[in-house]
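The structure file final23.csv is reproduced below (CSV, C-alpha atoms).
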```csv
chain,number,residue,atom,x,y,z
A,4,MET,CA,22.9,6.9,14.0
A,5,ILE,CA,21.8,3.8,12.1
A,6,LYS,CA,24.8,2.2,10.3
A,7,ASN,CA,24.2,-1.5,10.4
A,8,VAL,CA,20.9,-2.8,8.9
A,9,GLY,CA,19.5,-6.3,8.9
A,10,ILE,CA,16.8,-7.4,6.4
A,11,ILE,CA,14.9,-10.6,6.9
A,12,GLY,CA,13.6,-12.0,3.7
A,13,SER,CA,15.3,-11.7,0.3
A,14,GLY,CA,12.2,-11.6,-1.9
A,15,THR,CA,11.4,-8.6,-4.1
A,16,MET,CA,10.5,-6.3,-1.1
A,17,GLY,CA,13.4,-7.4,1.1
A,18,SER,CA,15.9,-7.1,-1.7
A,19,GLY,CA,14.5,-3.7,-2.6
A,20,ILE,CA,14.8,-2.4,1.0
A,21,ALA,CA,18.3,-3.7,1.1
A,22,GLN,CA,19.2,-1.8,-2.1
A,23,VAL,CA,17.7,1.4,-0.6
A,24,ALA,CA,19.7,1.1,2.7
A,25,ALA,CA,22.9,0.1,0.9
A,26,THR,CA,22.6,3.1,-1.5
A,27,ALA,CA,22.3,5.4,1.5
A,28,GLY,CA,25.6,4.1,2.8
A,29,CYS,CA,24.5,1.5,5.4
A,30,ILE,CA,26.1,-1.9,5.8
A,31,VAL,CA,23.3,-4.3,5.1
A,32,LYS,CA,23.0,-8.0,6.0
A,33,LEU,CA,20.3,-9.6,3.9
A,34,TYR,CA,19.1,-12.8,5.6
A,35,ASP,CA,17.1,-15.7,4.1
A,36,THR,CA,16.9,-19.4,5.1
A,37,LYS,CA,17.3,-20.5,1.5
A,38,GLN,CA,20.6,-20.0,-0.3
A,39,VAL,CA,18.9,-20.2,-3.7
A,40,ALA,CA,16.8,-17.2,-2.7
A,41,LEU,CA,19.9,-15.2,-1.7
A,42,ASP,CA,21.6,-16.1,-5.0
A,43,LYS,CA,18.5,-14.9,-6.9
A,44,SER,CA,18.5,-11.7,-5.0
A,45,LYS,CA,22.1,-11.0,-5.7
A,46,ALA,CA,21.7,-11.7,-9.4
A,47,ALA,CA,18.6,-9.5,-9.5
A,48,LEU,CA,20.5,-6.6,-7.9
A,49,GLU,CA,23.4,-7.0,-10.4
A,50,LYS,CA,20.9,-6.7,-13.2
A,51,ILE,CA,19.2,-3.7,-11.7
A,52,LEU,CA,22.4,-1.9,-11.1
A,53,ASN,CA,23.8,-2.7,-14.6
A,54,ARG,CA,20.7,-1.1,-16.1
A,55,LEU,CA,21.2,2.0,-14.0
A,56,VAL,CA,24.8,2.2,-15.2
A,57,GLU,CA,23.6,1.8,-18.8
A,58,LYS,CA,21.1,4.7,-18.4
A,59,GLY,CA,23.8,6.9,-16.8
A,60,ARG,CA,22.1,7.1,-13.5
A,61,ILE,CA,25.1,5.7,-11.6
A,62,ASP,CA,28.7,4.9,-12.6
A,63,THR,CA,30.6,1.6,-12.1
A,64,ALA,CA,32.2,2.8,-8.9
A,65,GLU,CA,28.8,3.5,-7.4
A,66,LYS,CA,27.5,0.2,-8.5
A,67,GLU,CA,30.4,-1.6,-6.8
A,68,ARG,CA,29.9,0.5,-3.6
A,69,ILE,CA,26.2,-0.5,-3.4
A,70,GLN,CA,27.0,-4.1,-4.0
A,71,GLY,CA,29.8,-4.0,-1.5
A,72,ASN,CA,27.5,-2.7,1.2
A,73,ILE,CA,25.3,-5.8,1.1
A,74,ILE,CA,26.3,-9.1,2.8
A,75,TYR,CA,24.1,-12.2,2.1
A,76,VAL,CA,23.7,-14.4,5.2
A,77,ASN,CA,21.6,-17.5,6.0
A,78,ALA,CA,21.8,-17.5,9.8
A,79,LEU,CA,19.6,-15.2,11.9
A,80,LYS,CA,22.3,-14.7,14.5
A,81,ASP,CA,24.4,-13.0,11.8
A,82,LEU,CA,22.1,-10.0,12.2
A,83,GLY,CA,23.2,-9.6,15.8
A,84,ASP,CA,25.2,-6.4,15.2
A,85,SER,CA,22.3,-4.6,13.4
A,86,ASP,CA,21.2,-1.2,14.7
A,87,LEU,CA,17.9,-1.7,12.8
A,88,THR,CA,16.4,-4.9,11.5
A,89,ILE,CA,13.4,-4.9,9.1
A,90,GLU,CA,11.5,-8.1,8.3
A,91,ALA,CA,9.8,-8.5,4.9
A,92,ILE,CA,8.4,-12.0,5.1
A,93,ILE,CA,5.1,-13.8,4.8
A,94,GLU,CA,2.0,-11.9,6.2
A,95,ASN,CA,1.5,-14.3,9.1
A,96,LEU,CA,1.5,-13.0,12.7
A,97,ASP,CA,2.7,-16.2,14.3
A,98,ILE,CA,5.7,-16.5,12.0
A,99,LYS,CA,6.7,-12.9,12.4
A,100,GLN,CA,6.5,-13.2,16.2
A,101,LYS,CA,8.6,-16.3,16.3
A,102,VAL,CA,11.3,-14.8,14.1
A,103,PHE,CA,11.3,-11.6,16.2
A,104,VAL,CA,11.5,-13.6,19.5
A,105,GLU,CA,14.6,-15.4,18.2
A,106,LEU,CA,16.1,-12.3,16.7
A,107,GLU,CA,15.8,-10.3,19.9
A,108,THR,CA,18.2,-12.8,21.7
A,109,TYR,CA,21.0,-11.8,19.3
A,110,LEU,CA,20.5,-8.0,19.3
A,111,SER,CA,21.8,-5.2,21.6
A,112,ASP,CA,19.3,-3.6,24.0
A,113,ASP,CA,18.9,-0.5,21.9
A,114,ALA,CA,18.5,-2.1,18.5
A,115,ILE,CA,15.3,-1.4,16.6
A,116,ILE,CA,13.1,-4.2,15.3
A,117,ALA,CA,10.7,-3.3,12.5
A,118,SER,CA,8.1,-5.0,10.4
A,119,ASN,CA,7.3,-4.2,6.8
A,120,THR,CA,3.8,-5.6,7.2
A,121,SER,CA,1.0,-3.9,5.2
A,122,SER,CA,-1.9,-5.2,7.2
A,123,LEU,CA,-1.0,-6.7,10.6
A,124,SER,CA,-1.1,-5.0,13.9
A,125,ILE,CA,2.3,-3.7,15.0
A,126,ALA,CA,1.1,-3.9,18.6
A,127,SER,CA,0.5,-7.6,18.2
A,128,ILE,CA,3.9,-8.2,16.6
A,129,ALA,CA,5.6,-6.2,19.4
A,130,SER,CA,3.8,-8.0,22.1
A,131,ALA,CA,6.0,-11.1,21.6
A,132,LEU,CA,9.2,-9.2,22.4
A,133,LYS,CA,10.7,-8.8,25.9
A,134,ASN,CA,11.2,-5.1,25.0
A,135,PRO,CA,8.2,-4.2,22.8
A,136,ALA,CA,9.2,-0.5,23.0
A,137,ARG,CA,11.9,-1.2,20.4
A,138,CYS,CA,9.3,-2.4,17.8
A,139,ILE,CA,7.8,-0.3,15.0
A,140,GLY,CA,6.2,-0.6,11.6
A,141,ILE,CA,8.2,0.6,8.5
A,142,HIS,CA,6.1,-0.1,5.5
A,143,PHE,CA,7.7,0.3,2.1
A,144,PHE,CA,5.9,0.2,-1.2
A,145,ASN,CA,6.9,-1.9,-4.2
A,146,PRO,CA,9.3,-1.4,-5.9
A,147,ALA,CA,11.0,0.0,-2.8
A,148,PRO,CA,13.9,1.7,-4.6
A,149,LEU,CA,11.5,3.7,-6.8
A,150,MET,CA,8.5,4.5,-4.6
A,151,LYS,CA,9.1,7.6,-2.5
A,152,LEU,CA,6.7,6.9,0.4
A,153,VAL,CA,7.3,4.9,3.5
A,154,GLU,CA,4.7,4.6,6.2
A,155,VAL,CA,6.1,4.6,9.7
A,156,ILE,CA,3.7,3.1,12.2
A,157,PRO,CA,4.4,3.3,16.0
A,158,ALA,CA,2.7,0.7,18.1
A,159,ILE,CA,1.2,1.8,21.4
A,160,GLN,CA,4.3,0.2,23.0
A,161,THR,CA,6.8,2.0,20.8
A,162,SER,CA,9.1,4.5,22.5
A,163,LYS,CA,9.3,8.1,21.3
A,164,GLU,CA,13.1,7.6,20.9
A,165,VAL,CA,12.5,4.7,18.5
A,166,LEU,CA,9.9,6.6,16.5
A,167,ASP,CA,12.2,9.7,16.2
A,168,LYS,CA,15.2,7.7,15.2
A,169,THR,CA,13.2,5.7,12.6
A,170,ILE,CA,11.7,8.9,11.1
A,171,LYS,CA,15.2,10.4,10.8
A,172,THR,CA,16.7,7.2,9.3
A,173,ILE,CA,14.0,6.8,6.6
A,174,GLY,CA,14.4,10.5,5.8
A,175,ASP,CA,18.2,10.0,5.5
A,176,TRP,CA,17.4,7.2,3.0
A,177,LYS,CA,15.8,9.9,0.8
A,178,LYS,CA,12.2,8.7,1.4
A,179,VAL,CA,9.1,10.7,2.3
A,180,VAL,CA,7.7,9.6,5.7
A,181,ALA,CA,4.0,9.4,6.5
A,182,VAL,CA,3.4,8.6,10.2
A,183,ALA,CA,0.3,6.5,10.6
A,184,LYS,CA,-1.7,5.2,13.6
A,185,ASP,CA,-1.5,1.4,14.2
A,186,THR,CA,-5.0,0.7,12.6
A,187,PRO,CA,-5.9,-1.8,9.9
A,188,GLY,CA,-4.4,-0.9,6.5
A,189,PHE,CA,-2.6,2.1,8.0
A,190,ILE,CA,-3.1,4.9,5.5
A,191,VAL,CA,-2.7,3.6,1.9
A,192,ASN,CA,-4.3,0.2,2.2
A,193,ARG,CA,-7.2,1.7,4.1
A,194,VAL,CA,-7.9,4.8,2.1
A,195,ALA,CA,-7.4,2.9,-1.3
A,196,ARG,CA,-10.1,0.3,-0.6
A,197,PRO,CA,-12.9,2.1,-2.5
A,198,PHE,CA,-10.8,2.4,-5.6
A,199,TYR,CA,-11.2,-1.4,-5.9
A,200,GLY,CA,-14.3,-2.0,-3.9
A,201,GLU,CA,-16.6,0.6,-5.5
A,202,SER,CA,-15.4,-0.3,-9.0
A,203,LEU,CA,-16.2,-3.9,-8.3
A,204,ARG,CA,-19.6,-2.9,-7.0
A,205,ILE,CA,-20.3,-0.8,-10.1
A,206,TYR,CA,-19.4,-3.9,-12.3
A,207,GLU,CA,-21.5,-6.3,-10.2
A,208,GLU,CA,-24.5,-4.0,-10.6
A,209,GLY,CA,-24.1,-4.3,-14.4
A,210,LEU,CA,-23.6,-0.6,-14.9
A,211,ALA,CA,-20.3,-1.0,-16.8
A,212,ASP,CA,-17.6,-3.5,-17.8
A,213,PHE,CA,-14.0,-3.7,-16.6
A,214,THR,CA,-12.7,-1.6,-19.5
A,215,THR,CA,-15.3,1.1,-19.3
A,216,ILE,CA,-14.6,1.5,-15.5
A,217,ASP,CA,-10.8,1.5,-16.0
A,218,ASN,CA,-11.0,4.1,-18.8
A,219,ALA,CA,-13.3,6.4,-16.8
A,220,LEU,CA,-10.8,6.5,-13.9
A,221,LYS,CA,-7.8,7.0,-16.2
A,222,THR,CA,-9.4,9.5,-18.7
A,223,LEU,CA,-11.4,11.6,-16.3
A,224,GLY,CA,-9.3,11.1,-13.1
A,225,GLY,CA,-5.8,10.9,-14.5
A,226,PHE,CA,-5.0,7.6,-12.7
A,227,ARG,CA,-2.1,5.8,-14.3
A,228,MET,CA,-3.9,2.4,-14.1
A,229,GLY,CA,-7.6,1.6,-13.8
A,230,PRO,CA,-8.7,-0.5,-10.8
A,231,PHE,CA,-9.0,-3.7,-12.7
A,232,GLU,CA,-5.7,-3.3,-14.4
A,233,LEU,CA,-4.1,-2.5,-11.1
A,234,MET,CA,-5.7,-5.5,-9.3
A,235,ASP,CA,-4.4,-7.7,-12.1
A,236,PHE,CA,-0.9,-6.1,-11.7
A,237,ILE,CA,-0.9,-6.6,-7.9
A,238,GLY,CA,-2.5,-10.1,-8.1
A,239,ASN,CA,-6.1,-10.8,-7.3
A,240,ASP,CA,-5.0,-13.2,-4.5
A,241,VAL,CA,-2.9,-10.5,-2.8
A,242,ASN,CA,-5.5,-7.7,-3.3
A,243,TYR,CA,-8.4,-9.9,-2.1
A,244,THR,CA,-6.4,-11.0,1.0
A,245,VAL,CA,-5.7,-7.4,2.0
A,246,THR,CA,-9.4,-6.5,1.5
A,247,GLU,CA,-10.5,-9.5,3.5
A,248,THR,CA,-8.0,-8.7,6.3
A,249,VAL,CA,-9.0,-5.0,6.5
A,250,PHE,CA,-12.7,-6.0,6.5
A,251,THR,CA,-12.2,-8.5,9.3
A,252,ALA,CA,-10.0,-6.1,11.3
A,253,PHE,CA,-12.7,-3.4,11.1
A,254,TYR,CA,-15.2,-5.7,12.7
A,255,PHE,CA,-16.9,-6.3,9.3
A,256,ASP,CA,-17.7,-2.7,8.6
A,257,SER,CA,-19.6,-2.7,5.3
A,258,ARG,CA,-17.3,0.0,3.8
A,259,TYR,CA,-14.6,-2.6,3.4
A,260,LYS,CA,-16.7,-5.6,2.3
A,261,PRO,CA,-14.9,-7.8,-0.2
A,262,SER,CA,-16.3,-8.7,-3.6
A,263,PHE,CA,-17.6,-12.1,-4.7
A,264,THR,CA,-16.3,-11.3,-8.2
A,265,GLN,CA,-12.7,-11.0,-6.9
A,266,LYS,CA,-13.1,-14.0,-4.5
A,267,ARG,CA,-14.2,-16.2,-7.4
A,268,LEU,CA,-11.3,-15.1,-9.6
A,269,SER,CA,-8.9,-15.9,-6.8
A,270,GLU,CA,-10.5,-19.3,-6.2
A,271,ALA,CA,-10.2,-20.0,-10.0
A,272,GLY,CA,-6.6,-19.1,-10.0
A,273,TYR,CA,-7.2,-16.1,-12.3
A,274,LEU,CA,-4.8,-13.9,-10.5
A,275,GLY,CA,-3.9,-11.5,-13.2
A,276,ARG,CA,-0.6,-10.9,-15.0
A,277,LYS,CA,1.3,-13.6,-13.2
A,278,THR,CA,-1.1,-16.3,-14.3
A,279,GLY,CA,-2.0,-14.9,-17.7
A,280,LYS,CA,-5.7,-14.3,-16.8
A,281,GLY,CA,-7.5,-12.1,-14.5
A,282,TYR,CA,-10.0,-9.3,-15.3
A,283,TYR,CA,-8.1,-9.3,-18.6
A,284,ASP,CA,-6.0,-11.8,-20.6
A,285,TYR,CA,-2.2,-11.6,-20.8
A,286,ASP,CA,0.4,-13.0,-23.1
A,287,GLU,CA,3.5,-15.0,-21.9
A,288,ASN,CA,5.3,-11.7,-21.2
A,289,GLY,CA,2.6,-10.3,-19.0
A,290,LYS,CA,1.4,-7.9,-21.6
A,291,LYS,CA,-2.4,-7.3,-21.8
A,292,ILE,CA,-4.0,-8.8,-24.8
A,293,GLU,CA,-6.0,-5.9,-26.3
A,294,ASN,CA,-9.7,-6.2,-26.6
A,295,SER,CA,-9.8,-8.9,-23.9
A,296,ASN,CA,-13.0,-8.9,-21.9
A,297,VAL,CA,-14.3,-5.9,-23.7
A,298,THR,CA,-18.1,-5.7,-24.2
A,299,SER,CA,-18.4,-2.2,-25.4
A,300,ASN,CA,-16.5,0.4,-27.4
A,301,ALA,CA,-18.5,3.6,-27.5
A,302,VAL,CA,-19.3,4.8,-23.9
A,303,ASP,CA,-21.7,7.6,-23.0
A,304,LYS,CA,-19.8,10.5,-21.5
A,305,SER,CA,-22.3,10.8,-18.6
A,306,LEU,CA,-21.8,7.1,-17.7
A,307,SER,CA,-18.0,7.7,-17.4
A,308,GLU,CA,-18.6,10.8,-15.3
A,309,THR,CA,-21.0,8.8,-13.0
A,310,ILE,CA,-18.4,6.1,-12.6
A,311,PHE,CA,-15.5,8.5,-11.9
A,312,ASN,CA,-17.5,10.7,-9.5
A,313,ARG,CA,-18.8,7.7,-7.5
A,314,VAL,CA,-15.4,6.1,-7.0
A,315,LEU,CA,-13.7,9.5,-6.3
A,316,VAL,CA,-16.2,10.6,-3.7
A,317,MET,CA,-15.9,7.2,-1.9
A,318,LEU,CA,-12.1,7.7,-1.9
A,319,ILE,CA,-12.4,11.2,-0.5
A,320,ASN,CA,-14.8,10.0,2.2
A,321,GLU,CA,-12.3,7.4,3.3
A,322,ALA,CA,-9.5,9.9,3.4
A,323,ALA,CA,-11.6,12.3,5.4
A,324,ASP,CA,-12.6,9.6,7.8
A,325,ALA,CA,-8.9,8.7,8.3
A,326,LEU,CA,-8.3,12.3,9.2
A,327,PHE,CA,-11.4,12.5,11.4
A,328,LEU,CA,-10.1,9.4,13.4
A,329,ASN,CA,-6.6,10.8,13.7
A,330,ILE,CA,-5.0,8.0,11.6
A,331,ALA,CA,-2.6,10.6,10.2
A,332,SER,CA,-2.3,14.3,9.4
A,333,ALA,CA,-3.9,15.8,6.3
A,334,GLU,CA,-0.5,16.3,4.7
A,335,ASP,CA,0.6,12.7,5.4
A,336,ILE,CA,-2.7,11.3,4.0
A,337,ASP,CA,-2.3,13.1,0.7
A,338,ASN,CA,1.4,12.4,0.5
A,339,ALA,CA,0.7,8.7,1.2
A,340,MET,CA,-1.7,8.5,-1.8
A,341,THR,CA,0.3,10.5,-4.3
A,342,LYS,CA,3.7,9.0,-3.4
A,343,GLY,CA,2.7,5.6,-2.2
A,344,VAL,CA,0.3,4.6,-5.0
A,345,ASN,CA,0.8,7.3,-7.5
A,346,TYR,CA,-2.6,8.9,-7.3
A,347,PRO,CA,-2.7,12.0,-9.6
A,348,LYS,CA,-3.8,14.3,-6.7
A,349,GLY,CA,-4.1,14.1,-2.9
A,350,LEU,CA,-7.6,13.1,-2.0
A,351,LEU,CA,-8.1,15.9,0.5
A,352,ALA,CA,-6.8,18.4,-1.9
A,353,TRP,CA,-9.1,16.9,-4.5
A,354,ALA,CA,-12.0,17.4,-2.1
A,355,ASP,CA,-11.2,21.1,-1.8
A,356,GLU,CA,-11.1,21.3,-5.5
A,357,LYS,CA,-14.5,19.6,-6.1
A,358,GLY,CA,-16.0,21.4,-3.1
A,359,ILE,CA,-16.8,20.0,0.3
A,360,ALA,CA,-20.5,20.6,-0.3
A,361,TRP,CA,-20.3,18.5,-3.6
A,362,CYS,CA,-18.7,15.6,-1.6
A,363,VAL,CA,-21.4,15.6,1.0
A,364,GLU,CA,-24.2,15.8,-1.6
A,365,LYS,CA,-22.8,13.0,-3.7
A,366,LEU,CA,-22.5,10.7,-0.7
A,367,ASP,CA,-26.0,11.5,0.5
A,368,GLU,CA,-27.3,10.8,-3.0
A,369,LEU,CA,-25.7,7.3,-2.8
A,370,TYR,CA,-27.0,6.7,0.7
A,371,ASP,CA,-30.5,7.8,-0.2
A,372,GLU,CA,-30.4,5.4,-3.2
A,373,TYR,CA,-29.0,2.3,-1.5
A,374,HIS,CA,-29.6,2.9,2.3
A,375,GLU,CA,-26.3,1.0,2.9
A,376,ASP,CA,-23.9,2.0,5.7
A,377,ARG,CA,-21.0,1.8,3.2
A,378,TYR,CA,-22.2,5.2,1.8
A,379,ARG,CA,-22.4,7.0,5.1
A,380,CYS,CA,-20.8,10.4,4.9
A,381,SER,CA,-17.8,11.1,7.3
A,382,PRO,CA,-18.9,13.5,10.1
A,383,LEU,CA,-15.8,15.6,9.3
A,384,LEU,CA,-17.1,16.4,5.8
A,385,ARG,CA,-20.5,17.4,7.3
A,386,ARG,CA,-18.9,19.6,9.9
A,387,MET,CA,-16.7,21.2,7.2
A,388,LYS,CA,-19.6,21.9,4.9
A,389,LYS,CA,-21.5,23.5,7.8
A,390,ASP,CA,-18.5,25.6,8.8
A,391,GLY,CA,-17.6,26.5,5.2
A,392,VAL,CA,-13.9,25.4,5.6
A,393,ARG,CA,-11.4,23.5,3.5
A,394,PHE,CA,-8.8,20.9,4.2
A,395,PHE,CA,-6.0,23.1,3.0
A,396,LYS,CA,-5.7,26.9,2.8
A,397,ASN,CA,-5.4,28.5,-0.6
```
Please rewrite the model in this file as structure tokens.
Amino acid sequence: MIKNVGIIGSGTMGSGIAQVAATAGCIVKLYDTKQVALDKSKAALEKILNRLVEKGRIDTAEKERIQGNIIYVNALKDLGDSDLTIEAIIENLDIKQKVFVELETYLSDDAIIASNTSSLSIASIASALKNPARCIGIHFFNPAPLMKLVEVIPAIQTSKEVLDKTIKTIGDWKKVVAVAKDTPGFIVNRVARPFYGESLRIYEEGLADFTTIDNALKTLGGFRMGPFELMDFIGNDVNYTVTETVFTAFYFDSRYKPSFTQKRLSEAGYLGRKTGKGYYDYDENGKKIENSNVTSNAVDKSLSETIFNRVLVMLINEAADALFLNIASAEDIDNAMTKGVNYPKGLLAWADEKGIAWCVEKLDELYDEYHEDRYRCSPLLRRMKKDGVRFFKN
């Protein structure tokens, strides 16, 4: 049983994971090299818990219990009694490996070492350890206390015992587990690429502006945020880096090709809400200034449908290909997208609803028009159309 948990990095993600573990009853040691970062994390937790008390979600005793379960430390050796340690630091392989090599010298032989990386190879991280079988990926989504999904990623070196114990622990923390193969982007950051990439492509072709594309996905698709709103929220620097990382990791497969539009915004420092300017303009409180970057008001309904269908079928194709290549189960893929990034429906269930034949025909139309490999239809969809089957039974 996991009782003592170490967290490396007291930023937003690390602090969020610490709150989740502490709420579940674990004794958490939150480590950071900078005392000011630890103080900031502690103050942020106080504010979050006070808000929960005000809303009646927890009482004062529960607030004090959660706070009492977190110990703030600035020496890595203080994590030595941890049964499970999760790092949530910069996305740099060399830095993660160096931290894990030192950490391993302080831990017991059966302690689990986990990375919250969203894009790096777990196998590569594990390779630096004397006992790589103890290493695994545990990928939370921001904000960790609110988002239900956690991707669990075993490396090829990870032992079954470590995988089973990790799955049980994350389940005990009241999270939904999606087990993913150790491939670029895992489930969510791989399958979600067309939401951004195809929307950017539509804009670059001059078919529609940012607002028109966002509104089409929200109005017809039920997405909470449009792709350009979401990229501004995430940060264009962060989103572009993930896209570039996935593109490179997939040996420059054209399906994951980054956009020059986003690259130029990143280079210009137009990163979205955090800088006051991105695809849209924002005030000092991060609120979008209405009518910013709008070039049209009335939009033809058929254009909106074209935008929505094009982005949706590309998302479905990516989800189907993830299943085809055994990245995860159909259930985990759909859970990952609905609970990890709040998609209105699971993409494979959406494919069943639209019809497998419809998906294949739309993709073939795009391929016939562009003759680009990015529009190639997944072999799984073709087989399913031929066999007349669905992803899920009625």
Mind checking which residues fall within 9 Å of Lys45 in chain A, counting only C-alpha atoms, ignoring those fewer than 6 positions away in the same chain, and posting them as a list in words? Ser18, Gln70 and Tyr75 of chain A
Residues as selected, C-alpha atoms, written as a short mmCIF file (atom, residue, chain, number, x, y, z; two decimals), keeping the file's coordinate frame, can you do that?
```
data_model
loop_
_atom_site.label_atom_id
_atom_site.label_comp_id
_atom_site.auth_asym_id
_atom_site.auth_seq_id
_atom_site.Cartn_x
_atom_site.Cartn_y
_atom_site.Cartn_z
CA SER A 18 15.90 -7.10 -1.70
CA GLN A 70 27.00 -4.10 -4.00
CA TYR A 75 24.10 -12.20 2.10
#
```
Within 9 Å of Thr278 in chain A, counting all atoms listed in the file, which residues qualify if same-chain residues fewer than 5 places away don't, as JSON, numbers by chain? {"A": [238, 272, 273, 285, 287, 289]}
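Counting only C-alpha atoms, the residue from A:Ala91, A:Ala183, A:Ile310, A:Leu384 that sits nearest to Ala117 in chain A is A:Ala91.
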Which range 42-150 of chain A residues have any atom within 10 Å of an atom of range 188-198 of chain A, and for each, what is the nearest pair of atoms with distance in Å to one decimal, counting only C-alpha atoms, rows sorted by chain and number, as JSON lines?
```
{"residue": "A:Thr120", "atom": "CA", "partner": "A:Gly188", "partner_atom": "CA", "distance": 9.5}
{"residue": "A:Ser121", "atom": "CA", "partner": "A:Gly188", "partner_atom": "CA", "distance": 6.3}
{"residue": "A:Ser122", "atom": "CA", "partner": "A:Gly188", "partner_atom": "CA", "distance": 5.0}
{"residue": "A:Leu123", "atom": "CA", "partner": "A:Gly188", "partner_atom": "CA", "distance": 7.9}
{"residue": "A:Ser124", "atom": "CA", "partner": "A:Gly188", "partner_atom": "CA", "distance": 9.1}
{"residue": "A:Gly140", "atom": "CA", "partner": "A:Phe189", "partner_atom": "CA", "distance": 9.9}
{"residue": "A:His142", "atom": "CA", "partner": "A:Phe189", "partner_atom": "CA", "distance": 9.3}
{"residue": "A:Phe144", "atom": "CA", "partner": "A:Val191", "partner_atom": "CA", "distance": 9.8}
```
Do a neighbour search on Thr244 in chain A at 10 Å with all atoms listed in the file, toss out local chain neighbours closer than 6 positions, and write the hits as a PyMOL selection string. chain A and resi 94+122+238+250+261+266+269
Neighbourhood query: residues within 12 Å of (31.8, -10.5, 3.4), file coordinates, counting only C-alpha atoms; return as number ranges by chain. A: 30-33, 70-76, 81
From A:Tyr346, A:Ile125, A:Leu52, A:Thr36, residue lying nearest Lys99 in chain A [all atoms listed in the file]: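 Nearest candidate to Lys99 in chain A out of A:Tyr346, A:Ile125, A:Leu52, A:Thr36: A:Ile125.
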So how many Å separate CA of Phe236 in chain A and CA of Asp217 in chain A, to one decimal?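 So the answer is 13.2 Å.
Candidate residues A:Phe394, A:Tyr259, A:Tyr199, A:Phe231 were compared for distance to Tyr378 in chain A, and the nearest is A:Tyr259, using all atoms listed in the file.
Coordinates place CA of Val23 in chain A at a distance of 24.1 Å from CA of Tyr109 in chain A.
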